[in-house]
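*Asks:* You'll find model-v5.cif just under this line, and it carries mmCIF, C-alpha atoms and all ligand atoms.
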data_run
loop_
_atom_site.group_PDB
_atom_site.id
_atom_site.type_symbol
_atom_site.label_atom_id
_atom_site.label_comp_id
_atom_site.auth_asym_id
_atom_site.auth_seq_id
_atom_site.Cartn_x
_atom_site.Cartn_y
_atom_site.Cartn_z
ATOM 1 C CA MET A 1 12.204 -24.616 -2.519
ATOM 2 C CA SER A 2 12.424 -25.248 1.157
ATOM 3 C CA THR A 3 15.625 -25.923 2.999
ATOM 4 C CA ILE A 4 16.224 -27.521 6.358
ATOM 5 C CA GLN A 5 17.049 -24.772 8.795
ATOM 6 C CA ASP A 6 19.121 -24.972 11.934
ATOM 7 C CA SER A 7 17.565 -21.949 13.440
ATOM 8 C CA PRO A 8 13.771 -21.724 13.449
ATOM 9 C CA THR A 9 12.187 -18.484 12.374
ATOM 10 C CA ALA A 10 9.028 -16.645 13.351
ATOM 11 C CA ALA A 11 7.628 -17.554 9.936
ATOM 12 C CA ASP A 12 8.035 -21.262 10.802
ATOM 13 C CA SER A 13 6.165 -20.968 14.084
ATOM 14 C CA GLY A 14 3.595 -18.521 12.708
ATOM 15 C CA ALA A 15 2.726 -20.584 9.650
ATOM 16 C CA SER A 16 2.560 -23.831 11.663
ATOM 17 C CA ALA A 17 0.483 -22.208 14.417
ATOM 18 C CA SER A 18 -2.050 -20.856 11.891
ATOM 19 C CA LYS A 19 -2.262 -24.225 10.157
ATOM 20 C CA SER A 20 -2.780 -26.224 13.352
ATOM 21 C CA PHE A 21 -5.332 -23.706 14.651
ATOM 22 C CA LYS A 22 -7.390 -23.951 11.471
ATOM 23 C CA ALA A 23 -7.225 -27.754 11.613
ATOM 24 C CA SER A 24 -8.415 -27.733 15.234
ATOM 25 C CA LEU A 25 -11.459 -25.531 14.509
ATOM 26 C CA ALA A 26 -13.469 -28.473 13.165
ATOM 27 C CA GLU A 27 -13.127 -30.324 16.498
ATOM 28 C CA ARG A 28 -13.602 -27.281 18.703
ATOM 29 C CA GLY A 29 -16.789 -26.323 16.871
ATOM 30 C CA ALA A 30 -17.139 -22.747 15.649
ATOM 31 C CA ALA A 31 -19.676 -20.875 17.755
ATOM 32 C CA ALA A 32 -22.843 -19.426 16.264
ATOM 33 C CA ILE A 33 -22.817 -15.793 17.395
ATOM 34 C CA SER A 34 -25.893 -13.579 17.216
ATOM 35 C CA ALA A 35 -25.905 -10.309 15.279
ATOM 36 C CA GLU A 36 -26.637 -8.397 18.519
ATOM 37 C CA ARG A 37 -23.567 -9.831 20.184
ATOM 38 C CA VAL A 38 -21.302 -9.254 17.168
ATOM 39 C CA ALA A 39 -22.490 -5.656 16.964
ATOM 40 C CA ALA A 40 -22.064 -5.045 20.712
ATOM 41 C CA VAL A 41 -18.557 -6.501 21.014
ATOM 42 C CA VAL A 42 -17.213 -5.119 17.740
ATOM 43 C CA THR A 43 -18.608 -1.676 18.561
ATOM 44 C CA ALA A 44 -16.750 -1.771 21.899
ATOM 45 C CA VAL A 45 -13.493 -2.909 20.247
ATOM 46 C CA LEU A 46 -13.746 -0.167 17.613
ATOM 47 C CA ARG A 47 -14.586 2.407 20.281
ATOM 48 C CA GLY A 48 -11.309 1.479 22.029
ATOM 49 C CA ILE A 49 -9.380 1.970 18.787
ATOM 50 C CA HIS A 50 -11.139 5.239 17.981
ATOM 51 C CA GLU A 51 -10.429 6.572 21.456
ATOM 52 C CA ALA A 52 -6.718 5.682 21.196
ATOM 53 C CA VAL A 53 -6.440 7.380 17.791
ATOM 54 C CA SER A 54 -8.140 10.464 19.118
ATOM 55 C CA GLU A 55 -6.343 10.622 22.480
ATOM 56 C CA TYR A 56 -2.873 10.146 20.948
ATOM 57 C CA GLN A 57 -3.648 12.153 17.785
ATOM 58 C CA VAL A 58 -2.462 9.286 15.599
ATOM 59 C CA THR A 59 -1.055 10.621 12.320
ATOM 60 C CA TYR A 60 -1.461 9.303 8.761
ATOM 61 C CA PRO A 61 2.104 7.852 8.695
ATOM 62 C CA GLU A 62 1.376 6.049 11.981
ATOM 63 C CA TYR A 63 -1.935 4.758 10.625
ATOM 64 C CA GLN A 64 -0.159 3.432 7.495
ATOM 65 C CA ALA A 65 2.527 1.792 9.673
ATOM 66 C CA ALA A 66 -0.190 0.034 11.672
ATOM 67 C CA LYS A 67 -1.900 -1.138 8.471
ATOM 68 C CA ALA A 68 1.389 -2.464 7.048
ATOM 69 C CA TRP A 69 2.082 -4.253 10.342
ATOM 70 C CA MET A 70 -1.338 -5.955 10.376
ATOM 71 C CA ILE A 71 -0.906 -7.086 6.772
ATOM 72 C CA GLU A 72 2.462 -8.606 7.770
ATOM 73 C CA VAL A 73 0.943 -10.380 10.796
ATOM 74 C CA GLY A 74 -1.567 -12.014 8.433
ATOM 75 C CA GLU A 75 0.961 -12.872 5.745
ATOM 76 C CA THR A 76 3.330 -14.536 8.204
ATOM 77 C CA GLY A 77 0.493 -16.410 9.936
ATOM 78 C CA GLU A 78 1.331 -14.753 13.255
ATOM 79 C CA TRP A 79 -2.207 -13.962 14.409
ATOM 80 C CA PRO A 80 -2.272 -17.011 16.735
ATOM 81 C CA LEU A 81 1.008 -15.919 18.327
ATOM 82 C CA PHE A 82 -0.039 -12.299 18.703
ATOM 83 C CA LEU A 83 -3.546 -13.028 20.018
ATOM 84 C CA ASP A 84 -2.483 -15.744 22.459
ATOM 85 C CA VAL A 85 0.187 -13.452 23.907
ATOM 86 C CA PHE A 86 -1.837 -10.249 24.158
ATOM 87 C CA VAL A 87 -5.521 -11.229 24.344
ATOM 88 C CA GLU A 88 -6.070 -14.841 25.434
ATOM 89 C CA HIS A 89 -5.341 -14.230 29.127
ATOM 90 C CA VAL A 90 -8.457 -12.082 29.457
ATOM 91 C CA VAL A 91 -10.662 -14.614 27.653
ATOM 92 C CA GLU A 92 -9.304 -17.229 30.061
ATOM 93 C CA GLU A 93 -9.968 -14.974 33.050
ATOM 94 C CA VAL A 94 -13.619 -14.645 31.974
ATOM 95 C CA ALA A 95 -13.929 -18.443 31.496
ATOM 96 C CA SER A 96 -12.299 -19.089 34.869
ATOM 97 C CA ARG A 97 -15.036 -17.120 36.683
ATOM 98 C CA THR A 98 -17.265 -20.200 36.432
ATOM 99 C CA GLN A 99 -14.548 -22.846 36.856
ATOM 100 C CA HIS A 100 -13.827 -24.577 40.160
ATOM 101 C CA GLY A 101 -10.873 -26.763 41.061
ATOM 102 C CA THR A 102 -7.393 -26.286 39.633
ATOM 103 C CA LYS A 103 -6.790 -22.876 38.074
ATOM 104 C CA GLY A 104 -6.562 -22.706 34.322
ATOM 105 C CA THR A 105 -4.483 -20.386 32.199
ATOM 106 C CA ILE A 106 -3.937 -19.744 28.491
ATOM 107 C CA GLU A 107 -3.508 -22.596 26.017
ATOM 108 C CA GLY A 108 -1.196 -20.621 23.726
ATOM 109 C CA PRO A 109 -0.576 -21.447 20.074
ATOM 110 C CA TYR A 110 1.395 -24.693 20.375
ATOM 111 C CA TYR A 111 -1.043 -27.428 21.442
ATOM 112 C CA LEU A 112 -1.189 -30.421 19.095
ATOM 113 C CA PRO A 113 -3.864 -33.107 19.558
ATOM 114 C CA ALA A 114 -3.418 -36.880 19.229
ATOM 115 C CA GLN A 115 0.034 -37.268 20.757
ATOM 116 C CA ALA A 116 1.540 -40.540 22.032
ATOM 117 C CA ARG A 117 -0.666 -42.174 24.689
ATOM 118 C CA LEU A 118 1.470 -43.209 27.649
ATOM 119 C CA GLY A 119 0.957 -45.174 30.870
ATOM 120 C CA ALA A 120 0.768 -43.615 34.337
ATOM 121 C CA ARG A 121 4.553 -43.831 34.733
ATOM 122 C CA ALA A 122 5.697 -42.186 31.558
ATOM 123 C CA SER A 123 8.778 -40.845 29.912
ATOM 124 C CA LEU A 124 7.999 -38.049 27.432
ATOM 125 C CA PRO A 125 9.354 -38.827 23.946
ATOM 126 C CA ARG A 126 12.642 -37.033 23.406
ATOM 127 C CA ARG A 127 15.884 -37.091 21.429
ATOM 128 C CA PRO A 128 18.745 -39.231 22.720
ATOM 129 C CA SER A 129 20.740 -35.995 22.888
ATOM 130 C CA GLU A 130 17.973 -33.984 24.611
ATOM 131 C CA LYS A 131 19.591 -31.221 26.680
ATOM 132 C CA GLY A 132 18.311 -30.036 30.024
ATOM 133 C CA THR A 133 17.998 -30.884 33.707
ATOM 134 C CA PRO A 134 16.011 -34.088 34.220
ATOM 135 C CA LEU A 135 12.633 -33.402 35.821
ATOM 136 C CA ILE A 136 10.306 -35.918 37.411
ATOM 137 C CA PHE A 137 6.836 -34.499 37.714
ATOM 138 C CA THR A 138 4.343 -36.466 39.791
ATOM 139 C CA GLY A 139 0.817 -35.899 41.005
ATOM 140 C CA GLN A 140 -2.751 -37.050 41.265
ATOM 141 C CA VAL A 141 -5.930 -36.147 39.388
ATOM 142 C CA ARG A 142 -9.025 -35.916 41.623
ATOM 143 C CA ASP A 143 -12.609 -34.790 41.516
ATOM 144 C CA ILE A 144 -13.301 -31.621 43.548
ATOM 145 C CA ASP A 145 -14.731 -33.894 46.259
ATOM 146 C CA GLY A 146 -11.310 -35.591 46.507
ATOM 147 C CA THR A 147 -12.108 -38.854 44.682
ATOM 148 C CA PRO A 148 -9.081 -40.016 42.634
ATOM 149 C CA LEU A 149 -9.848 -40.123 38.898
ATOM 150 C CA ALA A 150 -8.504 -43.263 37.212
ATOM 151 C CA GLY A 151 -7.950 -43.133 33.456
ATOM 152 C CA ALA A 152 -7.751 -39.315 33.420
ATOM 153 C CA GLU A 153 -5.605 -37.847 30.643
ATOM 154 C CA VAL A 154 -2.705 -35.578 31.533
ATOM 155 C CA ASP A 155 -1.958 -34.170 28.068
ATOM 156 C CA THR A 156 1.334 -32.346 28.297
ATOM 157 C CA TRP A 157 3.509 -30.287 25.966
ATOM 158 C CA GLN A 158 6.540 -28.147 26.610
ATOM 159 C CA ALA A 159 9.463 -26.318 25.059
ATOM 160 C CA ASP A 160 12.893 -27.930 24.953
ATOM 161 C CA ALA A 161 15.922 -26.547 26.802
ATOM 162 C CA ASP A 162 16.380 -23.949 24.036
ATOM 163 C CA GLY A 163 12.765 -22.782 24.224
ATOM 164 C CA TYR A 164 11.473 -24.521 21.047
ATOM 165 C CA TYR A 165 8.285 -26.585 20.635
ATOM 166 C CA SER A 166 8.082 -29.687 18.436
ATOM 167 C CA GLY A 167 5.761 -29.237 15.468
ATOM 168 C CA PHE A 168 6.626 -25.515 15.293
ATOM 169 C CA ALA A 169 10.395 -25.526 14.823
ATOM 170 C CA PRO A 170 11.714 -27.577 11.898
ATOM 171 C CA HIS A 171 14.784 -28.896 13.732
ATOM 172 C CA VAL A 172 12.792 -30.521 16.586
ATOM 173 C CA PRO A 173 11.386 -34.001 15.783
ATOM 174 C CA GLU A 174 7.614 -34.473 15.716
ATOM 175 C CA GLY A 175 6.091 -35.389 19.059
ATOM 176 C CA ASN A 176 9.190 -34.351 21.005
ATOM 177 C CA LEU A 177 8.328 -33.550 24.657
ATOM 178 C CA ARG A 178 4.620 -34.156 24.121
ATOM 179 C CA GLY A 179 2.429 -36.963 25.411
ATOM 180 C CA VAL A 180 -0.923 -37.986 26.860
ATOM 181 C CA VAL A 181 -0.233 -39.621 30.227
ATOM 182 C CA VAL A 182 -3.132 -41.733 31.530
ATOM 183 C CA THR A 183 -3.548 -41.916 35.313
ATOM 184 C CA GLY A 184 -3.612 -45.271 37.122
ATOM 185 C CA GLN A 185 -6.326 -46.703 39.407
ATOM 186 C CA ASP A 186 -5.259 -44.291 42.162
ATOM 187 C CA GLY A 187 -5.457 -41.270 39.835
ATOM 188 C CA ARG A 188 -1.688 -40.849 40.013
ATOM 189 C CA PHE A 189 0.882 -40.146 37.320
ATOM 190 C CA GLU A 190 4.647 -39.775 37.099
ATOM 191 C CA ILE A 191 6.203 -37.991 34.140
ATOM 192 C CA ASP A 192 9.875 -38.191 33.377
ATOM 193 C CA THR A 193 10.947 -35.164 31.324
ATOM 194 C CA ILE A 194 13.394 -32.244 31.310
ATOM 195 C CA GLN A 195 13.011 -28.747 32.721
ATOM 196 C CA PRO A 196 11.744 -26.444 29.989
ATOM 197 C CA ALA A 197 13.541 -23.168 29.273
ATOM 198 C CA PRO A 198 11.950 -19.716 29.269
ATOM 199 C CA TYR A 199 10.222 -19.011 25.952
ATOM 200 C CA GLN A 200 11.048 -16.046 23.765
ATOM 201 C CA ILE A 201 8.505 -14.708 21.252
ATOM 202 C CA PRO A 202 10.283 -15.124 17.874
ATOM 203 C CA HIS A 203 11.930 -11.751 17.253
ATOM 204 C CA ASP A 204 12.247 -11.847 13.471
ATOM 205 C CA GLY A 205 8.497 -11.596 12.793
ATOM 206 C CA PRO A 206 5.971 -8.774 13.183
ATOM 207 C CA THR A 207 4.971 -9.697 16.772
ATOM 208 C CA GLY A 208 8.625 -9.589 17.809
ATOM 209 C CA LYS A 209 9.168 -6.351 15.906
ATOM 210 C CA LEU A 210 6.214 -4.732 17.676
ATOM 211 C CA ILE A 211 7.567 -5.836 21.064
ATOM 212 C CA GLU A 212 10.946 -4.349 20.200
ATOM 213 C CA ALA A 213 9.429 -1.134 18.806
ATOM 214 C CA ALA A 214 7.509 -0.681 22.078
ATOM 215 C CA GLY A 215 10.616 -1.356 24.180
ATOM 216 C CA TRP A 216 9.058 -4.386 25.897
ATOM 217 C CA HIS A 217 10.783 -7.721 26.492
ATOM 218 C CA PRO A 218 9.724 -10.856 24.567
ATOM 219 C CA TRP A 219 9.891 -13.474 27.332
ATOM 220 C CA ARG A 220 7.563 -15.951 28.999
ATOM 221 C CA PRO A 221 8.796 -17.784 32.117
ATOM 222 C CA ALA A 222 9.627 -21.504 31.739
ATOM 223 C CA HIS A 223 6.433 -23.551 31.836
ATOM 224 C CA LEU A 224 4.835 -26.943 31.306
ATOM 225 C CA HIS A 225 1.539 -26.927 29.394
ATOM 226 C CA LEU A 226 -1.201 -29.280 30.542
ATOM 227 C CA MET A 227 -4.691 -30.205 29.459
ATOM 228 C CA ILE A 228 -6.337 -32.459 32.035
ATOM 229 C CA ARG A 229 -9.313 -34.497 30.832
ATOM 230 C CA ALA A 230 -11.491 -37.033 32.631
ATOM 231 C CA LYS A 231 -14.828 -38.549 31.678
ATOM 232 C CA ARG A 232 -17.823 -36.525 32.911
ATOM 233 C CA HIS A 233 -15.520 -33.720 34.118
ATOM 234 C CA ARG A 234 -14.747 -30.272 32.809
ATOM 235 C CA THR A 235 -11.378 -30.176 31.046
ATOM 236 C CA ILE A 236 -8.769 -27.878 32.539
ATOM 237 C CA THR A 237 -6.192 -26.206 30.307
ATOM 238 C CA THR A 238 -3.360 -24.811 32.364
ATOM 239 C CA GLN A 239 0.381 -24.266 32.746
ATOM 240 C CA LEU A 240 2.793 -24.827 35.592
ATOM 241 C CA TYR A 241 5.713 -22.506 36.256
ATOM 242 C CA PHE A 242 8.819 -22.842 38.418
ATOM 243 C CA THR A 243 9.482 -21.039 41.649
ATOM 244 C CA ASP A 244 12.116 -18.272 41.300
ATOM 245 C CA GLY A 245 11.902 -18.659 37.508
ATOM 246 C CA GLU A 246 13.037 -15.733 35.422
ATOM 247 C CA TRP A 247 10.186 -13.589 33.964
ATOM 248 C CA LEU A 248 7.609 -14.979 36.425
ATOM 249 C CA ASP A 249 6.625 -11.456 37.404
ATOM 250 C CA SER A 250 6.704 -9.974 33.920
ATOM 251 C CA ASP A 251 5.330 -12.680 31.599
ATOM 252 C CA ILE A 252 4.678 -10.990 28.233
ATOM 253 C CA ALA A 253 1.503 -13.152 27.960
ATOM 254 C CA GLN A 254 0.325 -12.224 31.516
ATOM 255 C CA ALA A 255 -0.614 -15.873 32.073
ATOM 256 C CA THR A 256 1.037 -16.713 35.408
ATOM 257 C CA LYS A 257 -0.993 -17.305 38.587
ATOM 258 C CA PRO A 258 0.392 -17.792 42.091
ATOM 259 C CA GLU A 259 -1.466 -21.140 42.386
ATOM 260 C CA LEU A 260 0.376 -22.540 39.360
ATOM 261 C CA ILE A 261 3.967 -22.535 40.580
ATOM 262 C CA LEU A 262 5.974 -25.715 41.116
ATOM 263 C CA ASN A 263 8.666 -25.879 43.723
ATOM 264 C CA PRO A 264 11.038 -28.603 42.487
ATOM 265 C CA LYS A 265 13.547 -30.169 44.838
ATOM 266 C CA THR A 266 16.836 -31.393 43.470
ATOM 267 C CA ASP A 267 18.466 -34.367 45.205
ATOM 268 C CA SER A 268 22.088 -35.424 45.058
ATOM 269 C CA ASP A 269 21.300 -37.287 41.796
ATOM 270 C CA SER A 270 20.718 -33.819 40.187
ATOM 271 C CA VAL A 271 17.213 -34.821 39.119
ATOM 272 C CA ALA A 272 14.592 -32.177 39.901
ATOM 273 C CA ARG A 273 11.365 -33.541 41.407
ATOM 274 C CA ALA A 274 8.110 -31.633 41.546
ATOM 275 C CA GLU A 275 4.598 -32.537 42.569
ATOM 276 C CA TYR A 276 1.209 -31.079 41.670
ATOM 277 C CA ASP A 277 -2.329 -32.395 42.120
ATOM 278 C CA PHE A 278 -5.199 -31.455 39.808
ATOM 279 C CA GLN A 279 -8.854 -31.180 40.759
ATOM 280 C CA LEU A 280 -11.572 -31.300 38.123
ATOM 281 C CA GLU A 281 -15.181 -30.305 38.588
ATOM 282 C CA PRO A 282 -18.064 -32.347 37.151
ATOM 283 C CA ALA A 283 -18.982 -31.342 33.587
HETATM 284 C C1 LIG A 301 2.991 -18.081 22.940
HETATM 285 C C2 LIG A 301 3.860 -19.134 23.111
HETATM 286 C C3 LIG A 301 3.761 -19.965 24.206
HETATM 287 O O1 LIG A 301 4.590 -21.014 24.421
HETATM 288 C C4 LIG A 301 2.761 -19.759 25.123
HETATM 289 O O2 LIG A 301 2.709 -20.607 26.158
HETATM 290 C C5 LIG A 301 1.885 -18.706 24.971
HETATM 291 C C6 LIG A 301 2.007 -17.865 23.871
HETATM 292 C C7 LIG A 301 3.121 -17.219 21.729
HETATM 293 O O3 LIG A 301 4.183 -17.190 21.092
HETATM 294 O O4 LIG A 301 2.120 -16.573 21.363
HETATM 295 FE FE FE A 302 4.161 -22.206 25.908
#
Please, can you express the file's structure as C-alpha cells?
Ligand code: DHB
Ligand code: FE
*Replies:*
Amino acid sequence: MSTIQDSPTAADSGASASKSFKASLAERGAAAISAERVAAVVTAVLRGIHEAVSEYQVTYPEYQAAKAWMIEVGETGEWPLFLDVFVEHVVEEVASRTQHGTKGTIEGPYYLPAQARLGARASLPRRPSEKGTPLIFTGQVRDIDGTPLAGAEVDTWQADADGYYSGFAPHVPEGNLRGVVVTGQDGRFEIDTIQPAPYQIPHDGPTGKLIEAAGWHPWRPAHLHLMIRAKRHRTITTQLYFTDGEWLDSDIAQATKPELILNPKTDSDSVARAEYDFQLEPA
C-alpha cells in the first residue's frame, strides 16, 4: 500500500530517478563498447579499488560494510543519484574538451523529457501557492559565429524553494517548474520563474548515509538546469548558479564553473532579473 507523503524520502527520488533513467536509455541509444575498451577501463577501475584496499589495509568488517552499502544503493534505486554526484562531473569534463561555445556541466538525475512547450516569453508551470523570490531569466541563443538561433529550445528544470524537483518528490505536481521555451525570431527568450533553493542530497538513503559517515556536507548550490537544443547544432546540457550562492565553492557534485554564474539584480518590485546568452556550435 502506498500513502501520500508530505515529506519526500530518498527512496522516492532514488526509485523515480532509476525508472526515468531506464526509460531514457532507449532514446539515448546504448553504446556498443568493444571488449578491449571494457577490459582497459574496468581493469583501471579495479586497480584503483585494489590500491585503496591495500593502502588503507581494509579489513573484512569494512569490506562487508561496503558490500552491504552497495546492495542498499541498488535496492533503493540510488545509483543515478550517487553516480551523478560523484562521477558525472569527470565524464562531462572529458566531453567538454571537444565542445565550443557555452560551457556544459552535469545533467544530474532529474531531467524529464517531453515537458510543456512554451513560447519565447514563458512562465514556467507552477502551483498557485509556489513559494520563492520571483525570477525573470532572459537571454539569447546564438551560433558561435553570433547568428541568433530562432526556434531553439531552452529546456529548463529546477528545484522549488524547498529544494525538491517535480517528478521525484510525491508532493510536487507533475511538470512543476519545468518547460521547453522556444526562442523567437531574434533567438531571444524570457522565462518567468522563481529562484531555486540549494539542493540537499536526500539524507535518509545510502548516498546520504555515506556522506554523513564521511563527515562531508550534502549540499549543491542553487541552480537552474538547462538543455539548449537547436537544429544542426550540438546540444548543450548545463546549469546556471547564482553569484554569492551558498555552497558555490563546495558543491558536493563538483559541477560549478566560473562561467556559469548568474548575477541577478533585484529592483524595487523585488523581482530578481538575470541574463545569460548561450552559444551553440554546429553539430
Ligand atoms: C543530484 C541532484 C541534482 O539536482 C543535481 O543537479 C545533480 C545531482 C543528485 O542527487 O545526485
Ligand atoms: Fe539539480
*Asks:* When the PyMOL selection byres (((not hetatm)) within 6 of (chain A and resi 301)) is applied to the file above, which residues end up in the set, as a list in words?
*Replies:* Leu81, Phe82, Asp84, Val85, Gly108, Pro109 and Ile201 of chain A
*Asks:* Point out the residue among A:Arg47, A:Phe189, A:Thr133, A:Leu210 with the least atom-to-atom distance to Ala66 (chain A), counting all atoms listed in the file.
*Replies:*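 That would be A:Leu210, the residue with the smallest distance to Ala66 (chain A).
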*Asks:* Identify, counting all atoms listed in the file, the protein, DNA and RNA residues located within 12 Å of ligand FE 302 (chain A), and give them as a PyMOL selection string.
*Replies:* chain A and resi 81+84-85+105-112+156-160+163-166+168+196-201+219-226+237-241+251-253+255-256
*Asks:* Could you pull the residues within 12 Å of region 24-34 of chain A, counting all atoms listed in the file, minus those fewer than 3 positions along the same chain, as a VMD selection string?
*Replies:* chain A and resid 17 to 21 37 to 41 109 to 114
*Asks:* Of the candidates A:Ile144, A:Ile194, A:Ala152, A:Leu135, which shows the shortest atom-to-atom distance to Gly101 (chain A), using only C-alpha atoms?
*Replies:*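 Ranked by minimum distance to Gly101 (chain A), first place goes to A:Ile144.
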*Asks:* Tell me which of A:His89, A:Asp155, A:Gly187, A:Thr207 sits closest to Met70 (chain A), counting all atoms listed in the file.
*Replies:*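 Closest to Met70 (chain A), using all atoms listed in the file: A:Thr207.
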*Asks:* Measuring between all atoms listed in the file, which one of A:Thr243, A:Asn176, A:Gln185, A:Ser13 shows the shortest distance to Pro128 (chain A)?
*Replies:* A:Asn176
*Asks:* Write out as an NGL selection string the residues lying within 9 Å of Glu72 (chain A), counting all atoms listed in the file and excluding same-chain residues fewer than 5 positions away.
*Replies:* :A and (67 or 77-78 or 205-206)
*Asks:* Can you write out the residues you just picked, keeping C-alpha atoms, as a PDB file, in the frame of the given file?
*Replies:*
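Output saved as again34.pdb:
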ATOM      1  CA  LYS A  67      -1.900  -1.138   8.471  1.00  0.00           C
ATOM      2  CA  GLY A  77       0.493 -16.410   9.936  1.00  0.00           C
ATOM      3  CA  GLU A  78       1.331 -14.753  13.255  1.00  0.00           C
ATOM      4  CA  GLY A 205       8.497 -11.596  12.793  1.00  0.00           C
ATOM      5  CA  PRO A 206       5.971  -8.774  13.183  1.00  0.00           C
TER       6      PRO A 206
END
*Asks:* Taking the point (4.7, -39.7, 34.1) as given in the file, collect each protein or nucleic acid residue that comes within 10 Å of it, counting only C-alpha atoms, and present the set as number ranges by chain.
*Replies:* A: 118-124, 136-139, 154, 156, 179-183, 188-193
*Asks:* Could you write out that same residue set with C-alpha atoms as a compact mmCIF listing (two decimals), keeping the file's coordinate frame?
*Replies:*
# COMPACT_ATOMS: atom_id res chain seq x y z
CA LEU A 118 1.47 -43.21 27.65
CA GLY A 119 0.96 -45.17 30.87
CA ALA A 120 0.77 -43.62 34.34
CA ARG A 121 4.55 -43.83 34.73
CA ALA A 122 5.70 -42.19 31.56
CA SER A 123 8.78 -40.84 29.91
CA LEU A 124 8.00 -38.05 27.43
CA ILE A 136 10.31 -35.92 37.41
CA PHE A 137 6.84 -34.50 37.71
CA THR A 138 4.34 -36.47 39.79
CA GLY A 139 0.82 -35.90 41.00
CA VAL A 154 -2.70 -35.58 31.53
CA THR A 156 1.33 -32.35 28.30
CA GLY A 179 2.43 -36.96 25.41
CA VAL A 180 -0.92 -37.99 26.86
CA VAL A 181 -0.23 -39.62 30.23
CA VAL A 182 -3.13 -41.73 31.53
CA THR A 183 -3.55 -41.92 35.31
CA ARG A 188 -1.69 -40.85 40.01
CA PHE A 189 0.88 -40.15 37.32
CA GLU A 190 4.65 -39.78 37.10
CA ILE A 191 6.20 -37.99 34.14
CA ASP A 192 9.88 -38.19 33.38
CA THR A 193 10.95 -35.16 31.32
*Asks:* For region 180-185 of chain A, supply all heavy atoms and report the output as an mmCIF file, in the coordinates of the input.
*Replies:*
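See out-v1.cif below for the written result:
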data_model
loop_
_atom_site.group_PDB
_atom_site.id
_atom_site.type_symbol
_atom_site.label_atom_id
_atom_site.label_comp_id
_atom_site.auth_asym_id
_atom_site.auth_seq_id
_atom_site.Cartn_x
_atom_site.Cartn_y
_atom_site.Cartn_z
ATOM 1 N N VAL A 180 0.319 -37.895 26.084
ATOM 2 C CA VAL A 180 -0.923 -37.986 26.860
ATOM 3 C C VAL A 180 -0.717 -39.091 27.898
ATOM 4 O O VAL A 180 -0.707 -40.269 27.576
ATOM 5 C CB VAL A 180 -2.127 -38.321 25.949
ATOM 6 C CG1 VAL A 180 -3.417 -38.367 26.775
ATOM 7 C CG2 VAL A 180 -2.246 -37.305 24.816
ATOM 8 N N VAL A 181 -0.521 -38.677 29.143
ATOM 9 C CA VAL A 181 -0.233 -39.621 30.227
ATOM 10 C C VAL A 181 -1.563 -39.984 30.895
ATOM 11 O O VAL A 181 -2.333 -39.098 31.270
ATOM 12 C CB VAL A 181 0.743 -38.978 31.233
ATOM 13 C CG1 VAL A 181 1.044 -39.929 32.380
ATOM 14 C CG2 VAL A 181 2.029 -38.563 30.511
ATOM 15 N N VAL A 182 -1.833 -41.279 31.006
ATOM 16 C CA VAL A 182 -3.132 -41.733 31.530
ATOM 17 C C VAL A 182 -2.949 -42.187 32.980
ATOM 18 O O VAL A 182 -2.099 -43.033 33.274
ATOM 19 C CB VAL A 182 -3.693 -42.875 30.657
ATOM 20 C CG1 VAL A 182 -5.058 -43.331 31.179
ATOM 21 C CG2 VAL A 182 -3.804 -42.424 29.200
ATOM 22 N N THR A 183 -3.735 -41.609 33.884
ATOM 23 C CA THR A 183 -3.548 -41.916 35.313
ATOM 24 C C THR A 183 -3.950 -43.362 35.632
ATOM 25 O O THR A 183 -4.807 -43.949 34.980
ATOM 26 C CB THR A 183 -4.393 -40.978 36.213
ATOM 27 O OG1 THR A 183 -5.778 -41.162 35.898
ATOM 28 C CG2 THR A 183 -4.007 -39.534 36.029
ATOM 29 N N GLY A 184 -3.314 -43.907 36.680
ATOM 30 C CA GLY A 184 -3.612 -45.271 37.122
ATOM 31 C C GLY A 184 -4.874 -45.320 37.979
ATOM 32 O O GLY A 184 -5.592 -44.308 38.119
ATOM 33 N N GLN A 185 -5.134 -46.488 38.574
ATOM 34 C CA GLN A 185 -6.326 -46.703 39.407
ATOM 35 C C GLN A 185 -6.434 -45.676 40.537
ATOM 36 O O GLN A 185 -7.521 -45.290 40.938
ATOM 37 C CB GLN A 185 -6.305 -48.121 40.013
ATOM 38 C CG GLN A 185 -6.750 -49.207 39.037
ATOM 39 C CD GLN A 185 -8.050 -48.853 38.328
ATOM 40 O OE1 GLN A 185 -9.003 -48.392 38.944
ATOM 41 N NE2 GLN A 185 -8.095 -49.046 37.010
#
